[in-house]
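Asker: What follows is target-v8.cif, mmCIF, C-alpha atoms and all ligand atoms.
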```cif
data_final
#
loop_
_atom_site.label_atom_id
_atom_site.label_comp_id
_atom_site.auth_asym_id
_atom_site.auth_seq_id
_atom_site.Cartn_x
_atom_site.Cartn_y
_atom_site.Cartn_z
CA MET A 1 17.47 -67.46 -27.45
CA SER A 2 14.92 -64.68 -27.67
CA VAL A 3 15.95 -61.06 -27.31
CA HIS A 4 13.64 -58.44 -25.84
CA ARG A 5 13.35 -55.34 -28.01
CA SER A 6 11.93 -51.93 -27.26
CA ALA A 7 8.46 -51.00 -28.51
CA GLU A 8 10.07 -48.61 -31.06
CA GLN A 9 12.35 -51.34 -32.39
CA LEU A 10 9.40 -53.69 -32.78
CA GLU A 11 7.49 -51.08 -34.81
CA ALA A 12 10.46 -50.28 -37.05
CA ASP A 13 10.97 -53.91 -37.90
CA LEU A 14 7.81 -54.74 -39.85
CA ASN A 15 9.28 -54.88 -43.37
CA PHE A 16 10.99 -57.71 -45.23
CA HIS A 17 14.30 -56.10 -46.12
CA ASP A 18 15.30 -58.62 -48.80
CA LEU A 19 12.13 -57.99 -50.87
CA PRO A 20 10.75 -54.96 -52.73
CA PRO A 21 8.44 -52.98 -50.43
CA PHE A 22 4.69 -53.50 -50.42
CA PRO A 23 3.26 -50.51 -52.38
CA GLY A 24 1.74 -47.59 -50.49
CA ASP A 25 -0.95 -46.84 -53.08
CA VAL A 26 -3.18 -49.92 -53.03
CA ALA A 27 -6.28 -50.50 -50.89
CA THR A 28 -5.39 -52.51 -47.79
CA ALA A 29 -7.69 -54.27 -45.37
CA PRO A 30 -7.98 -52.83 -41.85
CA LEU A 31 -6.87 -55.93 -39.93
CA LEU A 32 -6.53 -55.42 -36.19
CA ARG A 33 -3.12 -56.22 -34.71
CA VAL A 34 -3.19 -58.49 -31.69
CA ARG A 35 -0.12 -59.33 -29.62
CA LEU A 36 0.38 -62.95 -28.60
CA SER A 37 2.37 -62.10 -25.47
CA LYS A 38 -0.54 -60.00 -24.20
CA LEU A 39 -3.06 -62.76 -24.85
CA ILE A 40 -0.83 -65.15 -22.90
CA ASN A 41 -0.71 -62.66 -20.03
CA GLY A 42 -4.49 -62.42 -19.85
CA ASP A 43 -4.65 -58.82 -21.03
CA GLY A 44 -8.36 -57.98 -21.17
CA GLU A 45 -8.04 -55.26 -23.83
CA GLU A 46 -6.09 -57.56 -26.12
CA THR A 47 -8.67 -60.30 -25.68
CA ASN A 48 -11.39 -57.78 -26.55
CA LYS A 49 -9.49 -56.96 -29.73
CA LEU A 50 -9.25 -60.66 -30.62
CA TRP A 51 -12.99 -61.07 -30.06
CA GLU A 52 -13.87 -58.03 -32.15
CA ALA A 53 -11.63 -59.22 -35.01
CA CYS A 54 -13.15 -62.71 -34.96
CA CYS A 55 -16.74 -61.41 -35.00
CA LYS A 56 -16.37 -58.58 -37.52
CA LEU A 57 -13.78 -59.53 -40.14
CA GLY A 58 -12.59 -63.00 -39.17
CA PHE A 59 -9.03 -61.94 -40.05
CA PHE A 60 -6.35 -60.34 -37.86
CA TYR A 61 -2.59 -59.99 -37.49
CA LEU A 62 -0.97 -61.78 -34.59
CA ASP A 63 2.35 -60.33 -33.46
CA LEU A 64 4.39 -63.39 -32.52
CA ARG A 65 7.51 -61.55 -31.38
CA ASP A 66 8.53 -61.42 -27.75
CA ALA A 67 7.17 -58.31 -26.12
CA PRO A 68 9.45 -55.72 -24.49
CA SER A 69 10.13 -57.00 -20.98
CA THR A 70 8.29 -54.05 -19.35
CA GLU A 71 5.05 -55.30 -20.88
CA VAL A 72 5.26 -58.76 -19.38
CA GLY A 73 3.04 -58.14 -16.40
CA ASN A 74 2.30 -61.58 -15.08
CA PHE A 75 5.41 -63.68 -14.73
CA GLU A 76 3.92 -66.93 -13.64
CA PRO A 77 3.08 -68.32 -17.08
CA THR A 78 6.35 -67.09 -18.56
CA GLU A 79 8.42 -68.74 -15.83
CA ARG A 80 6.55 -71.98 -16.22
CA LYS A 81 6.99 -71.84 -19.97
CA ARG A 82 10.75 -71.41 -19.75
CA GLN A 83 10.94 -74.35 -17.38
CA THR A 84 9.05 -76.55 -19.83
CA GLU A 85 11.34 -75.46 -22.63
CA ASN A 86 14.41 -76.57 -20.73
CA ASP A 87 12.89 -80.01 -20.36
CA ASN A 88 12.33 -80.46 -24.06
CA THR A 89 14.44 -80.87 -27.15
CA LYS A 90 14.54 -78.14 -29.80
CA HIS A 91 11.89 -79.72 -31.95
CA ASN A 92 9.57 -80.90 -29.25
CA ARG A 93 8.76 -77.77 -27.35
CA ALA A 94 5.08 -77.21 -27.75
CA ASP A 95 3.05 -80.13 -26.59
CA SER A 96 -0.51 -79.10 -26.00
CA ALA A 97 -1.92 -82.57 -25.49
CA GLY A 98 -1.53 -82.75 -21.71
CA SER A 99 -3.84 -80.80 -19.44
CA ASN A 100 -0.93 -80.15 -17.03
CA ASN A 101 0.28 -77.63 -19.60
CA ASP A 102 -2.74 -75.41 -18.96
CA TYR A 103 -3.19 -73.35 -15.84
CA ASP A 104 -5.58 -70.78 -14.59
CA VAL A 105 -4.55 -67.16 -14.47
CA GLN A 106 -6.48 -64.21 -13.11
CA SER A 107 -6.90 -61.94 -16.12
CA LYS A 108 -6.83 -58.14 -15.97
CA ALA A 109 -10.55 -58.28 -16.77
CA GLY A 110 -10.90 -60.02 -13.40
CA ARG A 111 -11.94 -63.39 -14.78
CA THR A 112 -10.12 -66.64 -14.35
CA MET A 113 -9.10 -67.96 -17.73
CA GLU A 114 -7.22 -70.99 -18.84
CA PHE A 115 -4.18 -70.62 -21.03
CA ASN A 116 -2.12 -72.95 -23.03
CA VAL A 117 1.19 -71.20 -22.40
CA ASN A 118 3.28 -73.67 -24.31
CA VAL A 119 2.88 -71.61 -27.42
CA ASP A 120 6.20 -70.04 -28.30
CA GLY A 121 5.83 -67.23 -30.84
CA GLU A 122 9.53 -66.75 -31.53
CA GLN A 123 9.98 -70.48 -32.12
CA LEU A 124 7.03 -70.45 -34.52
CA LEU A 125 8.62 -67.59 -36.47
CA ASN A 126 11.97 -69.41 -36.63
CA ASP A 127 10.36 -72.66 -37.75
CA ALA A 128 8.34 -70.79 -40.41
CA GLU A 129 11.55 -69.21 -41.70
CA ASP A 130 13.21 -72.64 -41.98
CA LEU A 131 10.12 -74.14 -43.61
CA PHE A 132 10.13 -71.50 -46.36
CA LYS A 133 13.49 -72.95 -47.42
CA VAL A 134 12.21 -76.53 -47.21
CA GLY A 135 9.18 -75.59 -49.35
CA GLN A 136 11.44 -74.11 -51.99
CA GLY A 137 13.28 -77.44 -52.18
CA VAL A 138 9.99 -79.24 -52.85
CA PHE A 139 8.85 -76.86 -55.62
CA ASP A 140 12.32 -76.98 -57.24
CA LEU A 141 11.84 -80.71 -57.95
CA PRO A 142 10.95 -81.68 -61.54
CA VAL A 143 7.20 -81.76 -62.23
CA GLU A 144 7.40 -85.51 -63.08
CA GLU A 145 8.62 -86.12 -59.53
CA LYS A 146 6.10 -83.81 -57.84
CA VAL A 147 3.05 -85.29 -59.59
CA LYS A 148 3.84 -88.66 -58.00
CA TYR A 149 2.56 -87.13 -54.78
CA ASP A 150 -0.76 -85.88 -56.16
CA LEU A 151 -3.12 -88.05 -54.11
CA LYS A 152 -6.40 -86.75 -55.55
CA ASP A 153 -7.18 -90.06 -57.26
CA HIS A 154 -6.80 -91.76 -53.88
CA GLY A 155 -9.52 -89.46 -52.51
CA SER A 156 -7.04 -87.34 -50.51
CA TYR A 157 -6.28 -83.62 -50.55
CA PHE A 158 -2.86 -84.13 -48.90
CA GLY A 159 0.30 -84.07 -51.02
CA TYR A 160 0.87 -82.15 -54.23
CA LYS A 161 -1.49 -80.10 -56.41
CA GLY A 162 0.10 -79.00 -59.68
CA TYR A 163 -0.01 -75.58 -61.31
CA GLY A 164 -3.40 -75.14 -63.02
CA GLU A 165 -4.78 -78.30 -61.39
CA GLY A 166 -7.26 -76.33 -59.30
CA VAL A 167 -10.13 -74.20 -60.62
CA ILE A 168 -10.93 -70.65 -59.62
CA ASP A 169 -14.55 -70.41 -60.81
CA ALA A 170 -17.63 -72.32 -61.98
CA GLN A 171 -16.37 -72.15 -65.61
CA GLY A 172 -13.35 -74.25 -64.69
CA THR A 173 -10.73 -71.52 -65.22
CA LYS A 174 -7.37 -72.93 -64.12
CA ASP A 175 -5.59 -71.61 -61.06
CA ARG A 176 -2.05 -70.23 -61.13
CA ASN A 177 -0.29 -71.80 -58.20
CA GLU A 178 0.94 -75.13 -56.87
CA PHE A 179 0.44 -76.52 -53.35
CA TYR A 180 2.16 -79.05 -51.20
CA ASN A 181 0.10 -80.25 -48.21
CA VAL A 182 1.54 -82.19 -45.25
CA SER A 183 -0.84 -83.98 -42.89
CA LYS A 184 -0.47 -83.45 -39.13
CA ASP A 185 -1.41 -87.09 -38.54
CA ASP A 186 1.36 -88.29 -40.83
CA ILE A 187 4.05 -86.20 -39.10
CA LEU A 188 2.84 -87.01 -35.56
CA GLU A 189 2.60 -90.71 -36.52
CA ILE A 190 -1.10 -90.91 -35.76
CA LEU A 191 -1.53 -92.49 -39.21
CA ASP A 192 0.86 -94.34 -41.53
CA PRO A 193 3.13 -92.01 -43.52
CA LEU A 194 1.89 -90.86 -46.92
CA PRO A 195 4.16 -91.06 -49.97
CA ALA A 196 6.36 -87.94 -49.96
CA PRO A 197 9.43 -86.65 -51.78
CA GLU A 198 12.78 -87.62 -50.28
CA VAL A 199 13.69 -83.94 -49.75
CA LEU A 200 11.08 -83.77 -46.98
CA SER A 201 12.40 -86.72 -44.95
CA PRO A 202 15.13 -84.81 -43.03
CA HIS A 203 12.59 -82.16 -42.03
CA ARG A 204 9.95 -84.22 -40.25
CA GLY A 205 11.24 -82.96 -36.87
CA LEU A 206 10.95 -79.36 -38.00
CA LEU A 207 7.47 -79.99 -39.38
CA GLY A 208 6.55 -81.64 -36.06
CA SER A 209 7.76 -78.61 -34.10
CA PHE A 210 5.83 -76.23 -36.36
CA ILE A 211 2.68 -78.36 -36.13
CA ARG A 212 2.79 -78.68 -32.32
CA ASN A 213 3.44 -74.99 -31.84
CA SER A 214 0.77 -73.97 -34.35
CA HIS A 215 -1.67 -76.31 -32.68
CA ALA A 216 -0.81 -74.89 -29.24
CA LEU A 217 -1.57 -71.42 -30.61
CA VAL A 218 -4.89 -72.63 -32.00
CA ASP A 219 -5.67 -74.16 -28.60
CA LEU A 220 -5.02 -70.80 -26.92
CA LEU A 221 -7.22 -68.91 -29.39
CA LEU A 222 -10.02 -71.49 -29.16
CA GLY A 223 -9.87 -71.35 -25.35
CA LEU A 224 -10.23 -67.56 -25.35
CA LEU A 225 -13.10 -67.66 -27.88
CA ASN A 226 -14.76 -70.44 -25.88
CA SER A 227 -14.82 -68.19 -22.80
CA ARG A 228 -16.21 -65.23 -24.73
CA LEU A 229 -18.91 -67.35 -26.31
CA GLY A 230 -19.86 -68.64 -22.85
CA LEU A 231 -19.61 -72.24 -24.06
CA PRO A 232 -19.14 -75.07 -21.55
CA HIS A 233 -15.56 -75.33 -20.34
CA ASP A 234 -13.10 -76.62 -22.97
CA LYS A 235 -15.82 -77.26 -25.59
CA LEU A 236 -14.04 -75.79 -28.64
CA PRO A 237 -10.54 -77.08 -27.75
CA SER A 238 -12.01 -80.54 -27.11
CA LEU A 239 -13.17 -80.74 -30.74
CA HIS A 240 -9.59 -80.09 -31.89
CA ARG A 241 -7.26 -82.36 -29.90
CA LEU A 242 -3.70 -82.60 -31.19
CA ASP A 243 -3.88 -86.40 -31.03
CA SER A 244 -7.30 -86.78 -32.74
CA LYS A 245 -7.43 -87.81 -36.38
CA SER A 246 -8.12 -84.64 -38.34
CA GLY A 247 -7.57 -82.80 -41.59
CA ASP A 248 -5.03 -80.45 -39.97
CA GLN A 249 -2.28 -79.71 -42.43
CA VAL A 250 0.73 -77.59 -43.28
CA ARG A 251 0.50 -76.07 -46.78
CA TRP A 252 3.01 -74.30 -48.95
CA VAL A 253 1.51 -72.19 -51.74
CA HIS A 254 3.90 -71.35 -54.60
CA ALA A 255 3.17 -68.99 -57.49
CA PRO A 256 5.71 -67.73 -60.04
CA PRO A 257 5.12 -64.16 -61.31
CA GLN A 258 2.46 -63.92 -64.03
CA PRO A 259 3.09 -62.20 -67.41
CA THR A 260 2.21 -58.48 -67.29
CA ASP A 261 -0.33 -58.85 -70.12
CA ASP A 262 -1.96 -62.03 -68.88
CA ARG A 263 -2.79 -61.98 -65.22
CA ARG A 264 -5.58 -63.65 -63.38
CA THR A 265 -6.50 -64.66 -59.85
CA ALA A 266 -3.90 -67.20 -58.75
CA LEU A 267 -6.08 -68.82 -56.04
CA GLY A 268 -9.82 -68.35 -56.46
CA GLN A 269 -12.06 -66.65 -53.92
CA HIS A 270 -13.04 -68.91 -51.04
CA THR A 271 -13.61 -69.21 -47.35
CA ASP A 272 -11.37 -71.62 -45.45
CA PHE A 273 -12.98 -74.97 -44.64
CA GLY A 274 -11.77 -75.55 -41.11
CA SER A 275 -11.48 -73.69 -37.81
CA VAL A 276 -8.35 -71.53 -37.55
CA THR A 277 -5.78 -70.73 -40.25
CA ILE A 278 -2.27 -69.47 -39.40
CA LEU A 279 -0.70 -67.85 -42.43
CA PHE A 280 2.86 -66.64 -43.05
CA ASN A 281 3.14 -64.21 -45.97
CA ARG A 282 6.10 -62.22 -47.24
CA LEU A 283 4.92 -60.82 -50.54
CA GLY A 284 1.50 -59.22 -51.05
CA GLY A 285 -1.18 -60.88 -53.13
CA LEU A 286 -3.64 -62.06 -50.48
CA GLN A 287 -6.86 -60.06 -50.69
CA VAL A 288 -10.00 -60.03 -48.55
CA LEU A 289 -13.47 -58.84 -49.45
CA PRO A 290 -14.58 -56.95 -46.34
CA PRO A 291 -18.20 -57.48 -45.20
CA ASN A 292 -20.77 -55.46 -47.20
CA SER A 293 -18.12 -54.28 -49.65
CA ASP A 294 -17.32 -55.08 -53.27
CA GLU A 295 -13.75 -53.79 -53.15
CA TRP A 296 -11.03 -56.40 -52.75
CA CYS A 297 -8.39 -55.16 -50.29
CA TYR A 298 -4.81 -56.43 -49.98
CA VAL A 299 -3.48 -57.79 -46.73
CA LYS A 300 -0.06 -56.22 -46.29
CA PRO A 301 2.43 -58.80 -44.95
CA LEU A 302 4.07 -57.75 -41.67
CA ARG A 303 7.33 -59.28 -40.51
CA GLY A 304 7.13 -61.03 -37.14
CA HIS A 305 3.38 -61.50 -37.55
CA ALA A 306 1.09 -64.27 -38.73
CA VAL A 307 -2.20 -63.52 -40.42
CA ILE A 308 -4.88 -65.48 -38.61
CA ASN A 309 -8.30 -66.17 -40.03
CA LEU A 310 -11.28 -68.27 -39.02
CA GLY A 311 -12.86 -70.89 -41.25
CA ASP A 312 -16.36 -72.23 -41.86
CA ALA A 313 -16.37 -74.69 -38.98
CA MET A 314 -16.33 -71.75 -36.55
CA VAL A 315 -19.29 -70.20 -38.36
CA LYS A 316 -21.22 -73.45 -38.19
CA PHE A 317 -20.38 -74.04 -34.51
CA THR A 318 -21.50 -70.53 -33.54
CA ALA A 319 -24.44 -69.99 -35.92
CA GLY A 320 -22.50 -67.14 -37.46
CA VAL A 321 -21.44 -65.25 -34.30
CA LEU A 322 -17.88 -65.73 -35.59
CA ARG A 323 -16.93 -64.87 -39.17
CA SER A 324 -15.14 -66.80 -41.94
CA ASN A 325 -14.31 -64.16 -44.53
CA THR A 326 -13.96 -64.53 -48.29
CA HIS A 327 -10.41 -64.14 -49.61
CA ARG A 328 -8.31 -64.92 -52.70
CA VAL A 329 -4.73 -64.55 -53.96
CA VAL A 330 -3.64 -62.43 -56.94
CA ASN A 331 -0.23 -61.59 -58.41
CA PRO A 332 1.85 -59.53 -55.94
CA PRO A 333 1.24 -55.77 -56.33
CA GLY A 334 3.56 -52.94 -57.43
CA ASP A 335 7.31 -53.58 -57.45
CA GLN A 336 6.73 -57.02 -55.98
CA ALA A 337 4.98 -58.23 -59.17
CA GLY A 338 8.06 -59.83 -60.72
CA HIS A 339 8.79 -62.07 -57.73
CA THR A 340 7.77 -65.65 -57.03
CA ARG A 341 5.31 -65.72 -54.17
CA MET A 342 5.37 -68.43 -51.54
CA SER A 343 3.28 -68.70 -48.42
CA LEU A 344 3.20 -71.13 -45.54
CA VAL A 345 -0.03 -72.08 -43.82
CA TYR A 346 -1.23 -74.18 -40.89
CA PHE A 347 -4.87 -75.19 -41.19
CA ALA A 348 -6.50 -76.38 -37.96
CA ARG A 349 -9.70 -78.33 -38.50
CA PRO A 350 -12.10 -80.15 -36.18
CA ALA A 351 -11.41 -83.84 -35.63
CA ASP A 352 -12.57 -86.00 -38.56
CA ASP A 353 -15.73 -87.34 -36.89
CA VAL A 354 -16.99 -84.02 -35.45
CA ILE A 355 -20.38 -83.06 -36.91
CA LEU A 356 -20.41 -79.45 -38.05
CA LYS A 357 -23.51 -78.16 -36.30
CA VAL A 358 -24.38 -75.36 -33.90
CA LEU A 359 -22.98 -75.96 -30.42
CA ASN A 360 -25.29 -75.97 -27.41
CA GLY A 361 -24.68 -74.27 -24.09
CA SER A 362 -24.02 -70.65 -25.10
CA ALA A 363 -26.71 -67.98 -24.62
CA LEU A 364 -24.98 -65.86 -27.26
CA ILE A 365 -25.13 -68.61 -29.89
CA ASP A 366 -28.74 -69.49 -28.93
CA GLU A 367 -29.73 -65.85 -29.42
CA GLN A 368 -27.99 -65.65 -32.80
CA ARG A 369 -29.82 -68.77 -33.92
CA ARG A 370 -33.15 -67.32 -32.78
CA GLN A 371 -32.55 -64.11 -34.71
CA ASN A 372 -31.59 -65.84 -37.97
CA PRO A 373 -33.94 -68.82 -38.26
CA ASP A 374 -33.69 -68.97 -42.08
CA ASN A 375 -29.94 -69.48 -42.17
CA PHE A 376 -29.98 -73.16 -41.32
CA ASP A 377 -30.33 -76.27 -43.40
CA GLU A 378 -30.71 -79.83 -42.27
CA GLU A 379 -27.51 -81.23 -43.66
CA GLU A 380 -25.59 -83.36 -41.20
CA ILE A 381 -21.98 -83.56 -42.28
CA THR A 382 -18.77 -84.52 -40.53
CA SER A 383 -15.66 -82.39 -40.62
CA LYS A 384 -13.88 -84.97 -42.80
CA GLU A 385 -16.67 -85.14 -45.40
CA TRP A 386 -17.01 -81.36 -45.49
CA ILE A 387 -13.30 -80.76 -46.13
CA LEU A 388 -13.03 -83.50 -48.76
CA ARG A 389 -16.06 -82.22 -50.62
CA ARG A 390 -14.81 -78.67 -50.59
CA ALA A 391 -11.15 -79.35 -51.38
CA LEU A 392 -11.70 -81.90 -54.15
CA GLY A 393 -14.61 -79.85 -55.58
CA ARG A 394 -12.07 -77.20 -56.51
CA ARG A 395 -9.78 -79.58 -58.37
CA GLN A 396 -10.00 -80.01 -62.19
CA GLY A 397 -12.88 -82.42 -62.84
CA GLY A 398 -14.32 -81.89 -59.34
CA ASP A 399 -17.88 -80.84 -58.52
CA TRP A 400 -17.68 -77.05 -58.26
CA SER A 401 -21.37 -76.78 -57.34
CA LYS A 402 -20.66 -78.63 -54.10
CA SER A 403 -17.48 -76.76 -53.21
CA GLY A 404 -19.10 -73.69 -51.64
CA GLY A 405 -18.75 -72.69 -47.99
CA THR A 406 -20.64 -70.43 -45.62
CA GLU A 407 -20.23 -67.27 -47.74
CA ASN A 408 -23.85 -67.46 -48.88
CA GLY A 409 -25.07 -66.97 -45.31
CA ARG A 410 -26.08 -70.63 -44.86
CA VAL A 411 -24.40 -71.58 -41.65
CA GLY A 412 -25.53 -75.17 -41.17
CA ARG A 413 -27.94 -76.89 -38.88
O1 LIG B 1 -1.28 -67.72 -49.92
C1 LIG B 1 -2.02 -67.05 -49.20
O2 LIG B 1 -1.71 -65.93 -48.79
C2 LIG B 1 -3.38 -67.56 -48.81
C3 LIG B 1 -3.62 -69.01 -49.12
C4 LIG B 1 -5.04 -69.43 -48.84
O3 LIG B 1 -5.94 -68.65 -48.69
C5 LIG B 1 -5.35 -70.87 -48.73
O4 LIG B 1 -4.46 -71.70 -49.05
O5 LIG B 1 -6.47 -71.20 -48.29
FE FE B 2 -7.63 -69.59 -47.69
#
```
What do you get writing this file as structure tokens?

Answerer:
Amino acid sequence: MSVHRSAEQLEADLNFHDLPPFPGDVATAPLLRVRLSKLINGDGEETNKLWEACCKLGFFYLDLRDAPSTEVGNFEPTERKRQTENDNTKHNRADSAGSNNDYDVQSKAGRTMEFNVNVDGEQLLNDAEDLFKVGQGVFDLPVEEKVKYDLKDHGSYFGYKGYGEGVIDAQGTKDRNEFYNVSKDDILEILDPLPAPEVLSPHRGLLGSFIRNSHALVDLLLGLLNSRLGLPHDKLPSLHRLDSKSGDQVRWVHAPPQPTDDRRTALGQHTDFGSVTILFNRLGGLQVLPPNSDEWCYVKPLRGHAVINLGDAMVKFTAGVLRSNTHRVVNPPGDQAGHTRMSLVYFARPADDVILKVLNGSALIDEQRRQNPDNFDEEEITSKEWILRRALGRRQGGDWSKSGGTENGRVGR
């Protein structure tokens, strides 16, 4: 059951009390903080903040905690949400597939907008907490067991990637982390199950809950961005249906502390391949390179928040109106340096057969395309091909030269 806290309590509760504090003397990135409950309530100012963050940096914090009750201005969506919850089991709360879950609300900006109100921030936080423990169980397995689930030679980026099995630069320098990737389509039984370690079997329900709720959040964000872009109704959400075959995945990233005298980037600089990334961090280490800057800045983890960032598909769809920012992961800073870092991610990507090209029907996107005629090439590539090329290009023995994203300003056709 969720508990409403005062605004002061919410502010005081941003640290992870069981971990050394994030240092106060390192450069941090100025991510805007957006509150989910306000987006759900159609708060115009909050939606403006979301829009600004997505255009300028492509990264923001999303406060997933329940808002103080005084701030819940429009009760209709909240009431309807509670009713839906009562009808569902614990691990089947957020089902964004049906259109009856969306309804129109008059926003404070005076516009009618459509919301997917089945996103439950507190549930997402609880599931993320539980999944951190599940991830630990996977990484604790012997390497000989984990490598059985490296599916690279089967042409797949799902499953396990061992420590040092990815590269961080064109010279082939090895990375310093391991991944485990779980496919949405496997968990939702859209495709046959992939081979997976036994320790994951009891947690398919939890993974399903996390995936549905994450996807519902993505649906909400895409709906709001769709309105701002002036795209035809439902265009962006329609390219990302929960039940379409896609490269959506849950990822755990695991990195033991590096020796003091031998540290390097753990996860090389990159832009994300897909549409929207939902990231749960506890220890520092994630860094972004803000636009027109050469200083890497840490993203300070905040309890109760996810870090959200946009990926290359959103740049390609919008001719660069929206931003997919370069980021990387280094050893945790300051007193956190001696701790093993783990993060949990949900990557939402367009359906496999969607072609990554500029969308028609938005005056804003048309204008952007007119102003930047040199930024386009003629490549026609599907979402599936794009993600495979990029993900496997950064594995040992992959083709680094083909693994680049939109960071060079080329935004696609
Ligand atoms: O671990 C993190 O904080 C970020 C991971 C990341 O950027 C990725 O997996 O694409
Ligand atoms: Fe990333």

Asker: Using only C-alpha atoms and all ligand atoms, which residue out of A:His270, A:Lys316, A:Arg370, A:Arg389 lies closest to ligand FE 2 (chain B)?

Answerer: A:His270

Asker: Pull the closest atom pair for each residue of chain A that gets at most 10 Å from ligand FE 2 (chain B), along with the distance in Å to one decimal, counting all atoms listed in the file, ordering rows by chain and then ascending residue number, as JSON lines.

Answerer:
```
{"residue": "A:Leu267", "atom": "CA", "partner": "B:FE2", "partner_atom": "FE", "distance": 8.5}
{"residue": "A:Gly268", "atom": "CA", "partner": "B:FE2", "partner_atom": "FE", "distance": 9.1}
{"residue": "A:Gln269", "atom": "CA", "partner": "B:FE2", "partner_atom": "FE", "distance": 8.2}
{"residue": "A:His270", "atom": "CA", "partner": "B:FE2", "partner_atom": "FE", "distance": 6.4}
{"residue": "A:Thr271", "atom": "CA", "partner": "B:FE2", "partner_atom": "FE", "distance": 6.0}
{"residue": "A:Asp272", "atom": "CA", "partner": "B:FE2", "partner_atom": "FE", "distance": 4.8}
{"residue": "A:Phe273", "atom": "CA", "partner": "B:FE2", "partner_atom": "FE", "distance": 8.2}
{"residue": "A:Gly274", "atom": "CA", "partner": "B:FE2", "partner_atom": "FE", "distance": 9.8}
{"residue": "A:Thr277", "atom": "CA", "partner": "B:FE2", "partner_atom": "FE", "distance": 7.8}
{"residue": "A:Ile278", "atom": "CA", "partner": "B:FE2", "partner_atom": "FE", "distance": 9.9}
{"residue": "A:Leu279", "atom": "CA", "partner": "B:FE2", "partner_atom": "FE", "distance": 8.9}
{"residue": "A:Leu286", "atom": "CA", "partner": "B:FE2", "partner_atom": "FE", "distance": 9.0}
{"residue": "A:Val288", "atom": "CA", "partner": "B:FE2", "partner_atom": "FE", "distance": 9.9}
{"residue": "A:Asn309", "atom": "CA", "partner": "B:FE2", "partner_atom": "FE", "distance": 8.4}
{"residue": "A:Leu310", "atom": "CA", "partner": "B:FE2", "partner_atom": "FE", "distance": 9.5}
{"residue": "A:Gly311", "atom": "CA", "partner": "B:FE2", "partner_atom": "FE", "distance": 8.4}
{"residue": "A:Ser324", "atom": "CA", "partner": "B:FE2", "partner_atom": "FE", "distance": 9.9}
{"residue": "A:Asn325", "atom": "CA", "partner": "B:FE2", "partner_atom": "FE", "distance": 9.2}
{"residue": "A:Thr326", "atom": "CA", "partner": "B:FE2", "partner_atom": "FE", "distance": 8.1}
{"residue": "A:His327", "atom": "CA", "partner": "B:FE2", "partner_atom": "FE", "distance": 6.4}
{"residue": "A:Arg328", "atom": "CA", "partner": "B:FE2", "partner_atom": "FE", "distance": 6.9}
{"residue": "A:Val329", "atom": "CA", "partner": "B:FE2", "partner_atom": "FE", "distance": 8.6}
{"residue": "A:Val345", "atom": "CA", "partner": "B:FE2", "partner_atom": "FE", "distance": 8.9}
{"residue": "A:Phe347", "atom": "CA", "partner": "B:FE2", "partner_atom": "FE", "distance": 9.0}
```

Asker: Excluding Asp185 (chain A) and any residue of its chain fewer than 5 positions from it, enumerate the residues within 12 Å of it, using all atoms listed in the file, and give them as a list in words.

Answerer: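 Close residues of Asp185 (chain A): Phe158, Ile190, Leu191, Asp192, Pro193, Leu194, Arg204, Leu207, Gly208, Ile211, Arg212, Arg241, Leu242, Asp243, Ser244, Lys245, Ser246, Gly247, Asp248, Gln249, Val250, Ala348, Ala351 and Asp352 of chain A.
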
Asker: One decimal, in Å: what's the spacing between CA of Asp63 (chain A) and CA of Arg35 (chain A)?

Answerer: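 Between these atoms lies a distance of 4.7 Å.
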
Asker: List the spatial neighbours of Gly172 (chain A) as an MDAnalysis selection string - criterion: any atom at most 12 Å away, only C-alpha atoms, same-chain residues fewer than 5 positions off excluded.

Answerer: chainID A and resid 164:167 268 393:401

Asker: Write the selection just made, keeping C-alpha atoms, as a PDB file, in the coordinates of the input?

Answerer:
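File produced: selection-v1.pdb:
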```
ATOM      1  CA  GLY A 164      -3.400 -75.140 -63.020  1.00  0.00           C
ATOM      2  CA  GLU A 165      -4.780 -78.300 -61.390  1.00  0.00           C
ATOM      3  CA  GLY A 166      -7.260 -76.330 -59.300  1.00  0.00           C
ATOM      4  CA  VAL A 167     -10.130 -74.200 -60.620  1.00  0.00           C
ATOM      5  CA  GLY A 268      -9.820 -68.350 -56.460  1.00  0.00           C
ATOM      6  CA  GLY A 393     -14.610 -79.850 -55.580  1.00  0.00           C
ATOM      7  CA  ARG A 394     -12.070 -77.200 -56.510  1.00  0.00           C
ATOM      8  CA  ARG A 395      -9.780 -79.580 -58.370  1.00  0.00           C
ATOM      9  CA  GLN A 396     -10.000 -80.010 -62.190  1.00  0.00           C
ATOM     10  CA  GLY A 397     -12.880 -82.420 -62.840  1.00  0.00           C
ATOM     11  CA  GLY A 398     -14.320 -81.890 -59.340  1.00  0.00           C
ATOM     12  CA  ASP A 399     -17.880 -80.840 -58.520  1.00  0.00           C
ATOM     13  CA  TRP A 400     -17.680 -77.050 -58.260  1.00  0.00           C
ATOM     14  CA  SER A 401     -21.370 -76.780 -57.340  1.00  0.00           C
TER      15      SER A 401
END
```

Asker: Using only C-alpha atoms, which of the listed residues (A:Lys146, A:Lys174, A:His240, A:Arg390) sits closest to Val354 (chain A)?

Answerer: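 For Val354 (chain A), the nearest of the candidates is A:His240.
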
Asker: CA of Lys133 (chain A) to CA of Leu200 (chain A): how many Å, to one decimal?

Answerer: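 Rounded to one decimal, the two atoms are 11.1 Å apart.
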
Asker: For region 321-330 of chain A, I'd like the enclosing box, axis-aligned and padded by 6 Å on every side, reported as AutoDock Vina command-line options with centre and edge lengths in Å to one decimal.

Answerer:
```
--center_x -12.5 --center_y -64.6 --center_z -45.6 --size_x 29.8 --size_y 16.4 --size_z 34.6
```
